[in-house]
Each structure stands twice: as structure tokens, then as C-alpha cells.
file entry_12.cif (mmCIF, C-alpha atoms)
data_run
loop_
_atom_site.label_atom_id
_atom_site.label_comp_id
_atom_site.auth_asym_id
_atom_site.auth_seq_id
_atom_site.Cartn_x
_atom_site.Cartn_y
_atom_site.Cartn_z
CA MET I 12 -22.75 44.59 87.24
CA PHE I 13 -20.56 45.61 84.30
CA SER I 14 -18.57 48.61 83.13
CA GLY I 15 -19.27 48.56 79.40
CA ILE I 16 -15.61 47.94 78.57
CA ILE I 17 -15.78 45.01 76.15
CA GLU I 18 -13.11 42.35 76.62
CA GLU I 19 -13.46 40.92 73.12
CA PHE I 20 -16.08 39.40 70.89
CA ALA I 21 -17.23 35.79 71.07
CA THR I 22 -18.32 33.84 68.01
CA VAL I 23 -21.69 32.08 67.87
CA ILE I 24 -20.95 28.37 67.25
CA ALA I 25 -24.46 26.89 67.61
CA ILE I 26 -28.04 27.99 68.28
CA ASN I 27 -30.58 25.64 69.83
CA LYS I 28 -34.22 26.69 70.23
CA ASP I 29 -35.94 25.01 73.18
CA ARG I 30 -39.59 26.08 73.27
CA GLU I 31 -39.48 29.88 73.67
CA ASN I 32 -35.90 29.93 74.98
CA ILE I 33 -32.72 29.88 72.89
CA ASP I 34 -29.42 28.28 73.92
CA PHE I 35 -26.38 29.95 72.37
CA THR I 36 -23.06 28.13 72.19
CA LEU I 37 -20.13 30.54 71.92
CA LYS I 38 -16.36 30.48 71.73
CA CYS I 39 -13.90 33.11 72.99
CA SER I 40 -10.37 33.25 74.42
CA PHE I 41 -11.39 33.11 78.11
CA VAL I 42 -13.69 30.05 78.00
CA ASP I 43 -11.27 28.11 80.26
CA GLU I 44 -11.60 30.83 82.93
CA LEU I 45 -15.42 30.68 83.04
CA LYS I 46 -17.49 28.83 85.63
CA ILE I 47 -21.02 27.51 85.58
CA ASP I 48 -23.47 30.15 86.97
CA GLN I 49 -21.09 33.00 86.07
CA SER I 50 -22.64 36.16 84.58
CA VAL I 51 -21.33 37.35 81.23
CA ALA I 52 -22.73 40.28 79.23
CA HIS I 53 -23.48 39.44 75.58
CA ASN I 54 -24.12 42.55 73.46
CA GLY I 55 -24.93 44.13 76.81
CA VAL I 56 -27.31 41.38 77.97
CA CYS I 57 -26.43 39.69 81.26
CA LEU I 58 -26.68 35.92 80.70
CA THR I 59 -25.68 32.99 82.91
CA VAL I 60 -23.17 30.37 81.78
CA VAL I 61 -25.02 27.03 81.97
CA LYS I 62 -22.54 24.67 80.31
CA ILE I 63 -18.85 24.54 79.40
CA GLU I 64 -17.33 21.89 77.13
CA ASN I 65 -14.83 21.43 74.30
CA GLY I 66 -13.61 25.03 74.44
CA THR I 67 -17.11 26.49 74.18
CA TYR I 68 -19.76 27.69 76.63
CA VAL I 69 -23.55 27.85 76.57
CA VAL I 70 -25.92 30.59 77.76
CA THR I 71 -29.72 30.63 77.63
CA ALA I 72 -31.87 33.60 76.62
CA MET I 73 -35.53 33.44 77.64
CA LYS I 74 -38.48 34.93 75.74
CA GLU I 75 -38.49 38.24 77.68
CA THR I 76 -34.83 38.76 76.78
CA LEU I 77 -35.38 37.80 73.15
CA ASP I 78 -38.34 40.21 72.88
CA ARG I 79 -36.31 43.19 74.16
CA THR I 80 -32.93 42.60 72.53
CA ASN I 81 -31.20 41.73 69.27
CA LEU I 82 -30.13 38.26 70.47
CA GLY I 83 -32.94 36.56 68.58
CA LEU I 84 -31.45 37.91 65.34
CA LEU I 85 -28.08 36.21 65.88
CA LYS I 86 -26.86 33.64 63.38
CA ILE I 87 -24.06 31.07 63.52
CA GLY I 88 -20.76 32.86 62.89
CA ASP I 89 -21.95 36.24 64.25
CA LYS I 90 -19.70 38.22 66.59
CA VAL I 91 -21.07 39.05 70.05
CA ASN I 92 -19.47 41.63 72.39
CA VAL I 93 -18.63 39.95 75.70
CA GLU I 94 -17.67 41.27 79.12
CA ARG I 95 -17.36 39.37 82.38
CA SER I 96 -18.84 40.95 85.48
CA MET I 97 -16.92 43.77 87.11
CA LEU I 98 -14.47 43.14 89.95
CA MET I 99 -15.29 45.40 92.89
CA ASN I 100 -11.61 46.10 93.57
CA GLY I 101 -10.95 47.42 90.05
CA ARG I 102 -11.33 50.68 88.17
CA LEU I 103 -14.67 51.61 86.65
CA ASP I 104 -13.36 52.59 83.22
CA GLY I 105 -16.76 52.90 81.51
CA HIS I 106 -19.93 53.59 83.50
CA ILE I 107 -22.29 51.54 85.68
CA VAL I 108 -23.91 48.98 83.36
CA GLN I 109 -26.45 46.51 84.71
CA GLY I 110 -26.63 44.20 81.73
CA HIS I 111 -30.41 44.77 81.61
CA VAL I 112 -31.10 45.93 78.05
CA ASP I 113 -33.97 48.42 77.82
CA GLN I 114 -34.77 48.16 74.11
CA THR I 115 -33.27 47.99 70.65
CA ALA I 116 -32.36 50.74 68.21
CA LYS I 117 -31.54 50.81 64.51
CA CYS I 118 -28.44 52.29 62.91
CA ILE I 119 -29.63 54.96 60.47
CA ALA I 120 -26.30 56.53 59.42
CA THR I 121 -22.53 56.13 59.59
CA ASP I 122 -20.11 58.98 58.87
CA ASP I 123 -16.33 59.00 58.68
CA ALA I 124 -14.76 61.69 60.85
CA ASP I 125 -11.00 61.71 60.20
CA GLY I 126 -10.21 58.32 61.69
CA SER I 127 -13.24 57.88 63.92
CA ILE I 128 -16.70 56.87 62.76
CA TYR I 129 -19.94 58.49 63.88
CA PHE I 130 -22.86 56.07 64.19
CA THR I 131 -26.39 57.46 64.41
CA PHE I 132 -29.04 55.31 66.10
CA GLU I 133 -32.80 55.71 66.19
CA TYR I 134 -35.23 54.15 68.66
CA PRO I 135 -39.04 54.41 68.96
CA GLU I 136 -40.14 57.71 70.50
CA ASN I 137 -42.19 57.14 73.64
CA ARG I 138 -42.89 60.07 75.97
CA GLU I 139 -44.00 57.83 78.86
CA MET I 140 -40.74 55.88 78.74
CA ALA I 141 -38.77 59.14 78.46
CA LYS I 142 -40.41 60.34 81.69
CA LYS I 143 -38.97 57.20 83.32
CA GLY I 144 -35.42 58.02 82.19
CA TYR I 145 -35.31 56.10 78.92
CA PHE I 146 -33.58 58.79 76.88
CA THR I 147 -30.12 60.14 76.07
CA VAL I 148 -28.48 63.45 76.96
CA ASP I 149 -25.53 65.23 75.36
CA LYS I 150 -22.24 63.99 76.85
CA GLY I 151 -24.16 61.43 78.91
CA SER I 152 -23.56 57.68 78.90
CA VAL I 153 -25.34 55.00 76.92
CA THR I 154 -24.58 51.35 76.33
CA VAL I 155 -24.78 50.09 72.73
CA ASN I 156 -24.38 46.31 72.34
CA GLY I 157 -22.71 46.37 75.74
CA VAL I 158 -20.20 49.11 74.87
CA SER I 159 -20.06 52.10 77.23
CA LEU I 160 -20.20 55.22 75.04
CA THR I 161 -20.61 58.98 75.27
CA VAL I 162 -23.70 60.47 73.60
CA CYS I 163 -23.51 63.35 71.17
CA ASN I 164 -26.22 65.21 69.23
CA PRO I 165 -29.23 63.58 70.93
CA THR I 166 -32.81 64.24 69.84
CA SER I 167 -36.02 62.85 71.31
CA ASN I 168 -35.39 59.49 69.62
CA THR I 169 -31.92 59.55 68.03
CA PHE I 170 -28.33 60.00 69.14
CA GLN I 171 -24.81 59.68 67.80
CA VAL I 172 -21.70 58.01 69.19
CA ALA I 173 -18.13 58.41 67.95
CA ILE I 174 -16.21 55.15 67.66
CA ILE I 175 -12.41 55.23 67.72
CA PRO I 176 -10.47 52.72 65.59
CA TYR I 177 -9.58 50.50 68.57
CA THR I 178 -13.24 50.09 69.58
CA PHE I 179 -14.24 49.54 65.95
CA GLU I 180 -11.69 46.74 65.54
CA HIS I 181 -12.19 45.02 68.92
CA THR I 182 -16.00 44.99 69.16
CA ASN I 183 -18.81 44.07 66.81
CA PHE I 184 -19.09 47.73 65.76
CA CYS I 185 -17.01 46.52 62.79
CA ASP I 186 -20.17 44.70 61.60
CA ILE I 187 -22.73 47.45 62.31
CA LYS I 188 -24.13 49.03 59.15
CA VAL I 189 -27.18 51.14 58.29
CA GLY I 190 -30.16 48.95 59.19
CA SER I 191 -28.35 46.95 61.89
CA VAL I 192 -30.31 46.43 65.12
CA VAL I 193 -28.42 47.05 68.39
CA ASN I 194 -29.19 46.73 72.09
CA LEU I 195 -29.54 49.86 74.25
CA GLU I 196 -29.21 50.27 77.98
CA PHE I 197 -29.90 53.82 79.09
CA ASP I 198 -27.95 55.28 82.02
CA ILE I 199 -29.20 53.85 85.32
CA LEU I 200 -28.49 57.13 87.14
CA GLY I 201 -30.86 58.97 84.80
CA LYS I 202 -33.55 56.37 85.44
CA TYR I 203 -33.20 56.73 89.23
CA ILE I 204 -33.39 60.54 89.01
CA ALA I 205 -36.48 60.34 86.78
CA ARG I 206 -38.12 57.95 89.25
CA LEU I 207 -37.36 60.22 92.22
CA GLN I 208 -38.83 63.22 90.41
CA SER I 209 -42.06 61.30 89.73
CA LEU I 210 -42.71 60.57 93.45
#
call {"tool": "encode", "arguments": {"input": "entry_12.cif", "output": "C-alpha cells"}}
result
Amino acid sequence: MFSGIIEEFATVIAINKDRENIDFTLKCSFVDELKIDQSVAHNGVCLTVVKIENGTYVVTAMKETLDRTNLGLLKIGDKVNVERSMLMNGRLDGHIVQGHVDQTAKCIATDDADGSIYFTFEYPENREMAKKGYFTVDKGSVTVNGVSLTVCNPTSNTFQVAIIPYTFEHTNFCDIKVGSVVNLEFDILGKYIARLQSL
């Protein structure tokens, strides 16, 4: 479980395709603190550390993960938002994030707002998925590339988020432009409520 508060971004050092899976080798400041089998969220995707050596670590993404997320689009040198799993004796500064990405979205606009930047994202409209809680609500929570954010101006298949300078500089939002593909995880509480209402 995660909170959506990104610790930093890791850099992709190597990519190795093994059948339908991809091994990503990454480097970040806390590599020496990692352990094999530890869960780390990468752009909001919970992946298991499988190898640590020479100041880098390796995680594997399987086909299901690659089909649902933007990880298959990564290239060597790309920045990936990373967060280690939440400590149960700490504060929940973001919101409850599972690290199970629901789908991707595309950035369709960026607007400067006196120091902050509004990003508008669009995802495929699907009424059946919306009935299951896969949607956004005004002032609700959403996770974009692993970052816990507050929704504004939602429609049936778009929403905006306002990014403050600190978040812009310390996450891969600094690389998101119109046309960029991001990972979305909708609020788990909304999904549970939608499921209860369907029973």
C-alpha cells in the first residue's frame, strides 16, 4: 500500500525484454536501503525488487502490467516516479493508493496558473467501467503516475489537476507535455462504494 507521496524519481538505466515481460534496471538515491522482494511503486505501479547490484536495482513488469500502464513506453534515461510502501506507523499524507493502475490517460492541455500548472487528462469513456467506480469527482482523489492529486473540473472522461512548483520539480510531471501518456489509479473508496451499490 502507498500514499501517493513520491519520494523522488528514478532513472531508467537499462531495459531487457524477456519474452512478454520487461526487466527495468533503475537508479535512485535509496538503492542501498532496498531489499529483494520489496515493493516499490513506479509511476504508480507496484513492482517487486528482484535484483540489486552496482548501485542499481531491477524490477520486472509482466504483460498484464505493460498492457494497462505506460511502463512499456519507457526508454533508457526516462524519469520514473518512485515511492516505497507505506509504513503503518506513519502519517497518510496523500490518500490510500494500492499501486494497481487501472488504465492510462493522455495529457491534452497544460495551462499556467500564476505559479502552478493545470494539467488536463483524457481517458477513454466507458459507462460500464464508470459504474464500477472508474471515474473522477470534483475535489476527489486520483493518482497520476503514482502522485496523489486532487481532481478539479471533471467530466465523464477528462479531469484537471493543479501541480505546485515543488511537485513539478520533484516528480516526472516536469516531463509531461500534451500527448504524454500517464498511469491512472482511481480512488479505491469510490470503487468499493460503486461495488456495494451494485449488489
call {"tool": "closest_residue", "arguments": {"input": "entry_12.cif", "among": "I:Leu85, I:Thr178, I:Gly151, I:Thr76", "to": "Asn27 (chain I)", "atoms": "only C-alpha atoms"}}
result
I:Leu85
call {"tool": "resolve_selection", "arguments": {"input": "entry_12.cif", "expression": "the PyMOL selection byres ((chain I and resi 131) around 7)", "output": "ChimeraX atom specification"}}
result
/I:118-121,129-130,132-133,169-172
call {"tool": "write_last_selection", "arguments": {"input": "entry_12.cif", "atoms": "C-alpha atoms", "output": "PDB file, in the frame of the given file"}}
result
ATOM      1  CA  CYS I 118     -28.440  52.290  62.910  1.00  0.00           C
ATOM      2  CA  ILE I 119     -29.630  54.960  60.470  1.00  0.00           C
ATOM      3  CA  ALA I 120     -26.300  56.530  59.420  1.00  0.00           C
ATOM      4  CA  THR I 121     -22.530  56.130  59.590  1.00  0.00           C
ATOM      5  CA  TYR I 129     -19.940  58.490  63.880  1.00  0.00           C
ATOM      6  CA  PHE I 130     -22.860  56.070  64.190  1.00  0.00           C
ATOM      7  CA  PHE I 132     -29.040  55.310  66.100  1.00  0.00           C
ATOM      8  CA  GLU I 133     -32.800  55.710  66.190  1.00  0.00           C
ATOM      9  CA  THR I 169     -31.920  59.550  68.030  1.00  0.00           C
ATOM     10  CA  PHE I 170     -28.330  60.000  69.140  1.00  0.00           C
ATOM     11  CA  GLN I 171     -24.810  59.680  67.800  1.00  0.00           C
ATOM     12  CA  VAL I 172     -21.700  58.010  69.190  1.00  0.00           C
TER      13      VAL I 172
END
call {"tool": "residues_around", "arguments": {"input": "entry_12.cif", "residues": "Val56 (chain I)", "least_positions_apart": "5", "cutoff": "10 Å", "atoms": "all atoms listed in the file", "output": "count of residues only"}}
result
22
call {"tool": "residues_around", "arguments": {"input": "entry_12.cif", "residues": "Val60 (chain I)", "least_positions_apart": "4", "cutoff": "8 Å", "atoms": "all atoms listed in the file", "output": "number ranges by chain"}}
result
I: 45-51, 68-71
call {"tool": "residues_around", "arguments": {"input": "entry_12.cif", "residues": "Tyr145 (chain I)", "least_positions_apart": "4", "cutoff": "8 Å", "atoms": "all atoms listed in the file", "output": "PyMOL selection string"}}
result
chain I and resi 113+140-141+197+201-202
call {"tool": "closest_residue", "arguments": {"input": "entry_12.cif", "among": "I:Ser159, I:Thr115, I:Thr166, I:Thr147", "to": "Val192 (chain I)", "atoms": "all atoms listed in the file"}}
result
I:Thr115
call {"tool": "atom_distance", "arguments": {"input": "entry_12.cif", "atom1": "CA of Ala124 (chain I)", "atom2": "CA of Ala173 (chain I)"}}
result
8.5 Å
call {"tool": "residues_around", "arguments": {"input": "entry_12.cif", "residues": "region 205-207 of chain I", "least_positions_apart": "2", "cutoff": "8 Å", "atoms": "only C-alpha atoms", "output": "list of chain:residue names"}}
result
I:Lys142, I:Lys143, I:Gly144, I:Gly201, I:Lys202, I:Tyr203, I:Ser209, I:Leu210
call {"tool": "closest_residue", "arguments": {"input": "entry_12.cif", "among": "I:Val158, I:Asp122, I:Ser167, I:Thr182", "to": "Ala21 (chain I)", "atoms": "all atoms listed in the file"}}
result
I:Thr182
